[in-house]
Structure formats: C-alpha cells, structure tokens
Amino acid sequence: MLRKDRFITTSFKSSTNSTQTPIQFVKGVGPKLGTVFKSRNIETVQDLLYFFPRTYEDRSKIYSISRLSDGLQATLSVEVQSQRQIPIQKLGRTLLEVRCTDGTGSLSLKWFHAPRGMEKKFIPGAQMVVTGKVKLYQGRPEMVHPEITWGVDLAQGQLEAQPHVGRVIPVYTEIEGVSTLVLRKVLWEAVEKFGNVLIEDLPNYLLERRGLLPLASAVHGLHFPPEGKSFNLKDLGEFNTPAHHRMIYGEFFKFEYLMLRRRLQEERASSPFSDGIRHRFLGKHGQDSLNRWLSYLPFQLTGGQLQALQDVVHDFSEPHPMNRLVQGDVGSGKTAVAFLSAARVLEEGSQVALMAPTEILAEQHFKSAFQLFQGRLNVALLTGKTSAAERKLLQERLSQGEPLLLIGTHALLEDPVLFSRLVYVIIDEQHRFGVEQRRTLRKKGEKQGPRGQVTLPHSLILTATPIPRTLALTAFGDLSVTSITELPPGRSPIQTRLVREPTQRERAYEQIRQELKAGRQAYFIYPLVNESEAEGFTQLKSAVAESVALAKDVFPEFSVGLLHGKMGSEEKAQMMSQFQSGQIKILASTTVVEVGVDVPNATLIVIEHSERFGLSQLHQLRGRVGRGKFQSYCYLFSSVRSQPGVQGASHRLEILEKTYDGFKIAEADLELRGPGEFLGTRQAGGLPFRMADLVRDRQWLFWARDDAMEILSKDPDLSKLEHSSLKEYFEREGGLQFDRLNTS
Ligand code: ADP
Ligand code: MG
C-alpha cells in the first residue's frame with residue numbers, strides 16, 4: 001500500500017505516460033482482461049513490460065504449402081477457399097475445417113472445439129496468415145488449432161505494424177484466460193506506447209563500462225527482437241543477446257547492492273559484548289580458558305577445527321557482531337567448534353542458542369554437549385516434544401538471565417521463547433533452514449540502544465553442503481566464510497559403489513553381510529515411508545515394507561530397525577539409541593538420518609533409488625558413515641540405465657562414485673538442479689531473479705558484484721547526482737530509506 005501511495009505523489013502526477021499507469025490504459029485491455037492480468041500480479045504498465053518472453057519463435061520465413069513437411073512449425077500467407085462444420089455426435093461438439101491455398105497447394109485447418117461464431121470469419125477469398133505445426137494426414141498437409149492473424153498482407157509490406165508474423169516473435173508463459181494472440185498484441189501495444197518512458201535506473205558510466213543497452217531499448221528488444229541483428233534464434237532462446245544481458249546485469253547489480261548494503265549495516269551494528277567482555281576472548285584469560293576446554297575433549301582438534309575456532313573467538317573480540325559460515329565436509333567435526341565457542345560465551349555469563357533441523361540431531365547435540373560440559377556449564381533441550389511444564393521452567397531460566405546453551409529444533413523460533421541475554425546463535429545444517437528462519441532466531445537477541453544503535457547477536461552457521469561461489473556471492477553474500485578442509489585423522493575415504501539393478505544387488509548384499517558379520521552396522525535408505533505414499537510411483541521401495549523384507553528374506557541373522565519421520569519423537573529417539581548402542585544392526589530409514597547423525601560403528605550405507613536424490617543430499621547421506629576407524633562403504637542402488645549421449649541420472653551418480661570433494665559435488669549440483677538445494681527446502685521463492693541464472697550468467701554476476709561494491713564504498717547513500725535515478729529506484733521499489741546508512 002505504502003509503496004503505491006508514495007509513488008502516486010512522486011511520479012504518477014507527471015503524466016499518464018508513466019510506467020505506473022494501470023494496465024487498462026493499454027490498448028486492447030478492458031476491465032475483463034485487466035482482472036485476469038491482476039490475478040497474475042500484473043497491474044501496471046511496468047509489470048506488463050517486465051513480463052518477459054519465455055522463449056522466441058522464428059516466423060520471419062514464410063513457407064509455401066508445396067514445401068511443407070511433417071512436424072514443421074511454419075507460417076504461411078493464404079487465402080480461404082471453403083469451410084465445413086462436421087458434428088461429432090459422440091462428443092456433442094462440432095469440428096470446424098477450413099481449406100485454404102497459397103497457389104502452390106491446399107492446406108486444411110482444423111479446430112476441435114471452435115468457439116461459436118468463429119466460422120463466420122472464414123469467408124472464401126479472405127486473406128490471412130496462419131502459423132502452426134504441420135501434420136501430414138494421408139499425404140496432405142493440415143494444421144490443428146493453428147494461430148491466425150487477420151489483416152496482414154505480407155505482399156503489401158505491412159509487417160511493421162503487427163507483432164505476429166514475418167519476424168522473430170516472443171513466446172510468453174501462458175496466462176489462463178488470455179489467448180496467445182491477445183497477449184502478444186497487448187505486449188506489443190505496451191512496448192510501442194510506453195517502452196520509451198521507462199526510466200533508466202543504472203548510472204550511465206556503468207552502462208558504458210559494461211557495454212550495456214539502455215533500459216528502454218533492452219525492454220523493447222526483449223519483447224520484439226529487432227530484425228537483421230547479428231544474434232540468432234539460438235542466442236535469443238538462451239537469453240544471450242545485448243537486451244538480455246542488460247536485464248540480467250540489472251537484476252544482479254540491484255540484488256548485490258542491497259545484499260552488500262545490508263551486510264554493511266549489520267557490520268555496523270554493535271557487538272553484544274561490552275568492551276570489557278570483548279577483551280576477555282583474546283589474551284591470556286581467553287587462551288587459558290580455551291585450553292582448558294580443549295583438554296576436556298576426548299580428541300585433539302584438527303588444524304582446520306582450530307582455525308575455525310580461532311576465527312570465531314577473534315570475531316567475539318571485535319566491536320561488531322560476527323556473521324560467519326563454517327563449511328566443512330560431513331564428519332569434519334564442526335560440532336566441536338560450535339560447542340567450544342559456545343562454552344566460552346557461557347563462561348562470560350551470556351546465553352547461546354543452537355538450532356538443528358531435526359529432533360534426532362538436536363537430541364544428539366544435547367547429549368554431546370551435556371557430556372562435554374559435565375555440569376560445568378548449563379545446557380538445555382527444547383523440541384516439539386518438550387512438555388508445557390518443562391517449557392515454562394525453561395522460560396523462567398531464560399528470562400532470569402541464566403547463562404545457558406539452549407539446543408533445539410524450529411521450536412526455538414516460536415514466539416514464547418524469549419531470551420534475556422542471547423548473544424550468540426548457532427545454526428547447524430543451514431541448508432535445511434531458510435534465510436528468514438536464520439534471521440528470526442537472530443532477532444531474538446536484537447537490541448536497540450538509547451541512541452538508536454542496534455546490537456545484534458553473533459551468528460555462526462554450519463554447513464556440510466559447500467556453497468558454490470556464485471551462491472556465496474548472492475544468497476550468502478552477507479557472511480564471512482571459514483572452510484574446514486581436513487577430516488579428523490585415521491579416517492579412510494568412504495568407498496562408493498554404484499550398484500546396477502538387478503544384476504549386482506546380490507553381490508552387494510554379500511559384501512554387506514561380511515561387514516555385518518565383522519560387527520559393523522548398516523543404514524538402508526528409502527525414498528518413501530510406506531507404500532501408500534507411492535501415488536503413481538508404485539515401483540518405489542518404502543522403508544516400512546523393506547524393513548520387513550530385509551529382516552525376513554535378506555538378513556534374517558541380524559536385527560533390523562525402522563526409522564522415519566512419521567514416527568513419534570519418543571519412538572524415534574528410542575530407535576536411534578538402540579542403533580547407537582549396537583542392539584540393532586540394520587536401520588531401514590528414510591532421509592531423516594540425512595543430517596548430522598553420528599554412529600561411528602555404522603560403516604555401511606545403502607541408498608535405494610539413489611537417482612531420485614540430489615547429489616548434495618546423497619553426499620550428506622554418505623557422510624553418515626566413515627565416522628570411525630573402520631573402512632566404510634556407500635552403495636548407490638539404481639535401476640536407471642545410462643543411455644549413450646544422455647547426461648542423466650547415471651552420469652550424476654558417477655560423479656559421487658569418483659569424488660568425495662564436497663565442493664565439486666556442490667558445483668555439479670548447482671549446474672544440474674539449480675540453487676534450491678542450497679537455499680534450503682523451506683525457503684520460499686529462492687532468489688528473486690526473473691531472468692538471471694546463476695550458472696549461465698555467472699560472469700555478469702561477478703561484474704555486477706564488483707560494481708555494486710565500488711558504489712557502496714564511493715557513495716554508500718547514493719547521494720551523488722549520477723546515482724540519483726538508482727536511488728529513486730530503490731526508494732520506489734524497495735522502500736529503502738537512505739538516511740539510515742550515514743557513513744560519517
Ligand atoms: P560434522 O562436521 O559432520 O558435523 P561432527 O561434528 O558430527 O561432524 O563430528 C563427526 C565425528 O567426528 C564425531 O563423532 C566427533 O566426535 C568426531 N570428531 C570431531 N572432531 C574430531 C577430531 N579432531 N578427532 C577425532 N574425532 C573427531
Ligand atoms: Mg554436523
């Protein structure tokens with residue numbers, strides 16, 4: 001609301017030619033069509049102009065009927081010869097058939113449910129242009145449901161005045177209730193009439209530096225590519241033309257500017273520690289205390305863990321809050337870094353929150369922290385199954401300011417959870433959370449000082465899914481990064497084997513049997529909980545059914561347990577502890593064990609239908625083994641065959657067979673599946689790019705990033721004249737207020 005009002009007072013008054021004009025003012029859009037557009041969030045001319053084509057179709061070539069072949073997508077200029085309507089009794093409909101000619105032959109056009117009255121237009125002798133896919137029916141060409149353009153006489157050179165034929169035309173994502181023709185026509189009108197009033201929002205010198213088209217010509221070129229340009233249909237289809245580059249760069253640039261600006265703001269917030277406390281993290285006191293905690297651990301930290309811990313402790317001593325990502329492969333020991341840094345904060349008298357994505361993981365963390373702290377420091381657990389009475393007690397402890405490490409699931413995010421001295425938040429397995437959830441937790445420790453100064457808690461994010469560089473610059477652009485690149489000593493790399501069904505299954509079972517006999521344990525992972533979930537995927541195996549089959553038919557000599565998300569938390573915890581203690585040898589499970597779970601004696605993981613999982617997810621699952629001193633194995637079962645020349649599922653799985661490098665796997669995943677896997681399954685919408693693609697357009701991202709960084713350092717509040725239109729853009733579209741970020 002606010003956004004619109006403000007806009008009306010600033011630029012709407014200037015002319016009816018504004019891009020904020022409601023779309024009813026576009027020729028051809030009446031109230032009815034307007035409502036349809038509105039339902040798709042297209043309300044103004046600007047919204048319309050930014051409704052970009054999905055792809056393009058070449059209609060610059062006019063075919064003659066004699067040269068049509070089966071399957072060809074063709075445009076022809078023809079004259080109506082005759083028509084007939086054939087009732088189809090069975091369906092209670094009429095088939096409309098129109099015969100036409102261009103002098104070289106005869107073409108039949110068919111409509112199976114022609115709207116009433118449609119036939120009236122096809123008067124013998126009328127000229128029209130038809131476009132559609134050719135079908136040869138008994139050797140004669142016909143088109144079913146072709147697109148018709150009236151009133152264009154190609155011989156008369158009327159091409160300029162219409163958008164439908166004789167050119168490369170845009171193809172839009174369909175809007176229900178608007179025909180393709182009407183949509184194209186409306187866009188044509190909008191671009192013709194309003195295209196030139198688009199306000200250029202990027203500074204001129206950036207356009208020049210990057211060789212970019214001005215906004216108005218880019219938008220024009222996107223919808224109706226100019227003829228005779230050096231780019232072809234392929235470039236257009238791949239969004240690889242100057243017009244596309246302009247929009248891609250613009251999207252990246254604005255995003256990066258906002259991201260970097262937010263980072264700057266956060267970096268300027270105050271540390272939650274007073275000067276006195278900040279001091280205590282470094283120097284002798286800090287070092288002694290850390291050493292003491294290190295001596296409580298049952299192992300020595302690796303160099304990578306120590307470095308990460310040093311980074312965090314160093315950040316604690318800074319005047320501004322930490323915002324750090326620690327990425328390290330599964331099993332690299334990130335938990336220890338989290339616990340030790342938390343211990344230091346608790347010792348200094350404050351509260352820490354650690355959020356994990358599943359109850360199993362939260363409980364496991366709670367147990368390990370409890371063991372490590374041994375009553376020296378307080379730790380508590382909050383999950384969905386914490387009773388109301390326990391919650392109340394916990395709430396009291398928190399509000400009284402007791403120094404406490406609170407470990408929990410999403411339950412931590414709920415409103416009634418109030419900390420009084422939350423200075424440090426840790427998020428484990430960040431890919432399971434969205435950006436907003438991270439912020440919500442952090443906000444619980446936000447404070448406003450008397451002079452408006454904001455204090456934010458330190459924030460540490462742990463991930464085993466490495467962030468590809470493009471994403472590190474976008475979705476995670478506000479984080480400092482530490483990488484743990486080594487695994488604790490004594491771990492031999494997990495052997496990964498692609499097991500092709502059905503031929504190799506038995507042999508794999510035998511290998512597994514040998515390991516189980518030697519005392520090891522195994523996970524069997526299934527895509528479904530039970531068969532009723534299958535809906536159309538009936539060939540898929542489910543954890544419930546297979547746990548029975550495993551116990552009965554395959555491994556009758558070993559105990560088999562079952563774990564899945566639909567079990568109660570009590571049941572789940574019990575099962576996990578039976579597996580942990582070795583009472584149960586085989587755990588049939590869904591991906592609930594995907595993150596974090598740590599049972600060092602489990603050295604086998606079998607993943608059924610592995611082609612159905614993302615690479616990073618498989619890598620995570622694989623990380624459940626290889627956590628102790630024994631050689632571990634991962635079996636990827638798949639019945640999908642490789643096809644020559646097709647980079648399908650089997651090709652993806654081979655990547656896993658060959659590498660354990662999480663970075664390579666993540667990059668491959670980003671290329672194959674897009675950013676979803678990294679941004680968190682629960683993060684609605686993902687990144688706000690309409691046109692830009694992180695993989696395809698990464699070079700533009702790097703340039704945009706550099707330029708945004710430069711502007712932020714030269715003119716952070718955009719107060720220079722050359723940045724005035726950019727500033728207006730952000731005020732208008734983003735509701736930004738620029739007086740807040742004073743650099744003085
Ligand atoms: P992740 O980084 O995947 O979260 P964890 O923190 O769960 O890894 O650690 C994996 C296992 O390795 C745990 O059993 C943990 O106790 C153990 N571990 C962690 N650091 C070391 C170390 N430096 N030396 C030996 N074992 C370690
Ligand atoms: Mg972990």
# chains A, B, ... in the order shown; residues from 1 in each chain; ligands from 1

$ residues_near_ligand --ligand "ligand 1" --cutoff "8 Å" --atoms "only C-alpha atoms and all ligand atoms" --output "ChimeraX atom specification"
/A:298-302,305,328-337,428,462-464,487-489,596-600,623,627-628

$ residues_around --residues "A:Ala692" --least-positions-apart "6" --cutoff "10 Å" --atoms "only C-alpha atoms" --output "list of chain:residue names"
A:Phe239, A:His244, A:His245, A:Met247, A:Ile248, A:Tyr249, A:Gly250, A:Glu251, A:Phe252, A:Arg698, A:Trp700, A:Leu701

$ closest_residue --among "A:Leu372, A:Leu636, A:Leu422, A:Ala573" --to "A:Leu354" --atoms "only C-alpha atoms"
A:Leu422

$ atom_distance --atom1 "atom CA of A:His320" --atom2 "atom CA of A:Val345"
15.5 Å

$ closest_residue --among "A:Gly132, A:Pro242, A:Gly375, A:Pro357" --to "ligand 2" --atoms "only C-alpha atoms and all ligand atoms"
A:Pro357

$ residues_around --residues "A:Val593" --least-positions-apart "2" --cutoff "10 Å" --atoms "only C-alpha atoms" --output "PyMOL selection string"
chain A and resi 358+360-361+523+525+563-565+576+587+589-591+595-598+620-621+624

$ residues_around --residues "A:Glu414" --least-positions-apart "4" --cutoff "10 Å" --atoms "only C-alpha atoms" --output "PyMOL selection string"
chain A and resi 410+418+440-441

$ write_last_selection --atoms "all heavy atoms" --output "tab-separated table (two decimals), in the first residue's frame"
chain	number	residue	atom	x	y	z
A	410	HIS	N	13.19	-26.19	15.35
A	410	HIS	CA	12.42	-25.00	15.00
A	410	HIS	C	11.64	-24.45	16.18
A	410	HIS	O	11.23	-23.30	16.16
A	410	HIS	CB	11.43	-25.31	13.89
A	410	HIS	CG	12.08	-25.78	12.64
A	410	HIS	ND1	12.48	-27.08	12.46
A	410	HIS	CD2	12.41	-25.13	11.52
A	410	HIS	CE1	13.03	-27.20	11.29
A	410	HIS	NE2	13.01	-26.04	10.68
A	418	LEU	N	11.69	-16.57	24.82
A	418	LEU	CA	12.31	-15.26	24.98
A	418	LEU	C	13.61	-15.41	25.76
A	418	LEU	O	13.62	-15.95	26.86
A	418	LEU	CB	11.37	-14.32	25.75
A	418	LEU	CG	10.08	-13.97	25.04
A	418	LEU	CD1	9.17	-13.19	25.97
A	418	LEU	CD2	10.38	-13.17	23.78
A	440	THR	N	15.09	-14.83	11.98
A	440	THR	CA	14.15	-14.84	13.11
A	440	THR	C	14.88	-15.21	14.40
A	440	THR	O	14.69	-14.57	15.43
A	440	THR	CB	13.02	-15.86	12.86
A	440	THR	OG1	12.47	-15.60	11.59
A	440	THR	CG2	11.96	-15.77	13.93
A	441	LEU	N	15.70	-16.21	14.32
A	441	LEU	CA	16.41	-16.62	15.53
A	441	LEU	C	17.34	-15.51	16.01
A	441	LEU	O	17.41	-15.19	17.19
A	441	LEU	CB	17.22	-17.91	15.27
A	441	LEU	CG	17.89	-18.51	16.50
A	441	LEU	CD1	16.85	-18.84	17.57
A	441	LEU	CD2	18.69	-19.75	16.15
